[in-house]
Structure formats: C-alpha cells, structure tokens
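Next comes work34.csv, with CSV, C-alpha atoms.
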chain,number,residue,atom,x,y,z
S,275,MET,CA,-151.1,-186.5,-77.8
S,276,LEU,CA,-154.6,-187.9,-78.3
S,277,GLN,CA,-154.5,-189.3,-74.8
S,278,THR,CA,-153.7,-185.9,-73.4
S,279,MET,CA,-156.6,-184.3,-75.4
S,280,ARG,CA,-159.0,-187.0,-74.2
S,281,SER,CA,-158.0,-186.5,-70.5
S,282,THR,CA,-158.2,-182.7,-70.5
S,283,PRO,CA,-160.9,-181.6,-68.0
S,284,VAL,CA,-163.7,-179.4,-69.4
S,285,GLU,CA,-166.2,-177.7,-67.2
S,286,ARG,CA,-168.7,-175.8,-69.2
S,287,GLU,CA,-171.1,-177.4,-71.7
S,288,SER,CA,-170.2,-175.0,-74.5
S,289,ASP,CA,-166.5,-175.9,-74.0
S,290,ARG,CA,-167.4,-179.6,-73.9
S,291,GLN,CA,-169.0,-179.3,-77.3
S,292,ARG,CA,-166.0,-177.6,-78.8
S,293,TRP,CA,-163.7,-180.2,-77.1
S,294,ARG,CA,-165.7,-183.0,-78.7
S,295,GLU,CA,-165.5,-181.4,-82.1
S,296,VAL,CA,-161.7,-180.9,-81.9
S,297,THR,CA,-161.1,-184.4,-80.5
S,298,GLU,CA,-163.2,-186.1,-83.1
S,299,ARG,CA,-161.5,-184.2,-85.9
S,300,THR,CA,-158.1,-185.0,-84.6
S,301,GLU,CA,-158.9,-188.7,-84.1
S,302,LYS,CA,-160.3,-188.9,-87.7
S,303,MET,CA,-157.2,-187.2,-89.0
S,304,VAL,CA,-154.9,-189.8,-87.2
S,305,ARG,CA,-157.0,-192.7,-88.5
S,306,ASP,CA,-156.9,-191.4,-92.1
S,307,ASN,CA,-153.1,-190.7,-91.9
S,308,ARG,CA,-152.4,-194.2,-90.6
S,309,ALA,CA,-154.7,-195.7,-93.3
S,310,ARG,CA,-152.7,-194.0,-96.1
S,311,GLY,CA,-149.3,-194.6,-94.5
S,312,ALA,CA,-148.4,-191.0,-93.7
S,313,SER,CA,-145.4,-190.5,-91.4
S,314,GLU,CA,-145.9,-189.9,-87.7
S,315,CYS,CA,-144.1,-186.6,-88.0
S,316,ASP,CA,-146.7,-185.4,-90.5
S,317,CYS,CA,-149.4,-186.6,-88.1
S,318,TRP,CA,-147.9,-184.7,-85.2
S,319,GLY,CA,-147.6,-181.6,-87.2
S,320,GLN,CA,-151.2,-181.8,-88.2
S,321,ILE,CA,-152.3,-182.4,-84.6
S,322,MET,CA,-150.3,-179.4,-83.4
S,323,ASN,CA,-151.9,-177.3,-86.2
S,324,ILE,CA,-155.4,-178.4,-85.1
S,325,VAL,CA,-154.7,-177.7,-81.4
S,326,THR,CA,-153.1,-174.3,-81.9
S,327,ARG,CA,-155.8,-173.1,-84.3
S,328,GLN,CA,-158.9,-174.3,-82.4
Could you render the structure from this file as structure tokens?
Amino acid sequence: MLQTMRSTPVERESDRQRWREVTERTEKMVRDNRARGASECDCWGQIMNIVTRQ
C-alpha cells in the first residue's frame, strides 16, 4: 500500500504538499506500529482510514 501511495502521480504543487503530508503520516504510523508489534491487519485498517479521510 505504501508503494502505491509513493508512486501515485501528482501534478499540482498544492496536491504535492498534501500528498507528502499524507504519505509521511502513513509511513510514520507503519513504523510506529511495527515497533510496538501491532498486527498487520491493524496497520492496514489504519492506512485505509488515513487514505479515505484525507
């Protein structure tokens, strides 16, 4: 999912800024979840929540 987010084309600068914010927040959430041993299912759910509410 992160790879898909990273490879999504963005054209306008305002969109690029928002894309960076969402991607950075998602990557941090994944790192934090892995560090605390959270399940991958929880991680996927949180990613989907971030993506759908952006």
Please determine, counting all atoms listed in the file, which residue among S:Ser281, S:Asp289, S:Arg305, S:Val296 has the shortest atom-to-atom distance to Arg327 of chain S. S:Val296
Identify, on the basis of all atoms listed in the file, every residue whose closest approach to Lys302 of chain S does not exceed 12 Å; exclude the query and any residue fewer than 6 positions from it along the same chain; express the result as a ChimeraX atom specification. /S:276,295-296,308-309,317,320-321,324
Straight-line distance linking atom CA of Arg286 of chain S with atom CA of Trp318 of chain S, stated in Å to one decimal: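 Atom CA of Arg286 of chain S sits 27.7 Å away from atom CA of Trp318 of chain S.
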Within 9 Å of (-157.0, -183.1, -80.9) (file coordinates; all atoms listed in the file), which protein or nucleic acid residues are there? I'd like them as a compact mmCIF listing (two decimals) with C-alpha atoms, in the coordinates of the input.
# COMPACT_ATOMS: atom_id res chain seq x y z
CA MET S 275 -151.10 -186.50 -77.80
CA LEU S 276 -154.60 -187.90 -78.30
CA THR S 278 -153.70 -185.90 -73.40
CA MET S 279 -156.60 -184.30 -75.40
CA ARG S 280 -159.00 -187.00 -74.20
CA TRP S 293 -163.70 -180.20 -77.10
CA ARG S 294 -165.70 -183.00 -78.70
CA GLU S 295 -165.50 -181.40 -82.10
CA VAL S 296 -161.70 -180.90 -81.90
CA THR S 297 -161.10 -184.40 -80.50
CA GLU S 298 -163.20 -186.10 -83.10
CA ARG S 299 -161.50 -184.20 -85.90
CA THR S 300 -158.10 -185.00 -84.60
CA GLU S 301 -158.90 -188.70 -84.10
CA ILE S 321 -152.30 -182.40 -84.60
CA MET S 322 -150.30 -179.40 -83.40
CA ILE S 324 -155.40 -178.40 -85.10
CA VAL S 325 -154.70 -177.70 -81.40
Which distance in Å separates atom CA of Met303 of chain S and atom CA of Asp316 of chain S, to one decimal?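 Separating atom CA of Met303 of chain S from atom CA of Asp316 of chain S is a distance of 10.8 Å.
Across the structure, atom CA of Ser313 of chain S and atom CA of Thr282 of chain S are spaced 25.7 Å apart.
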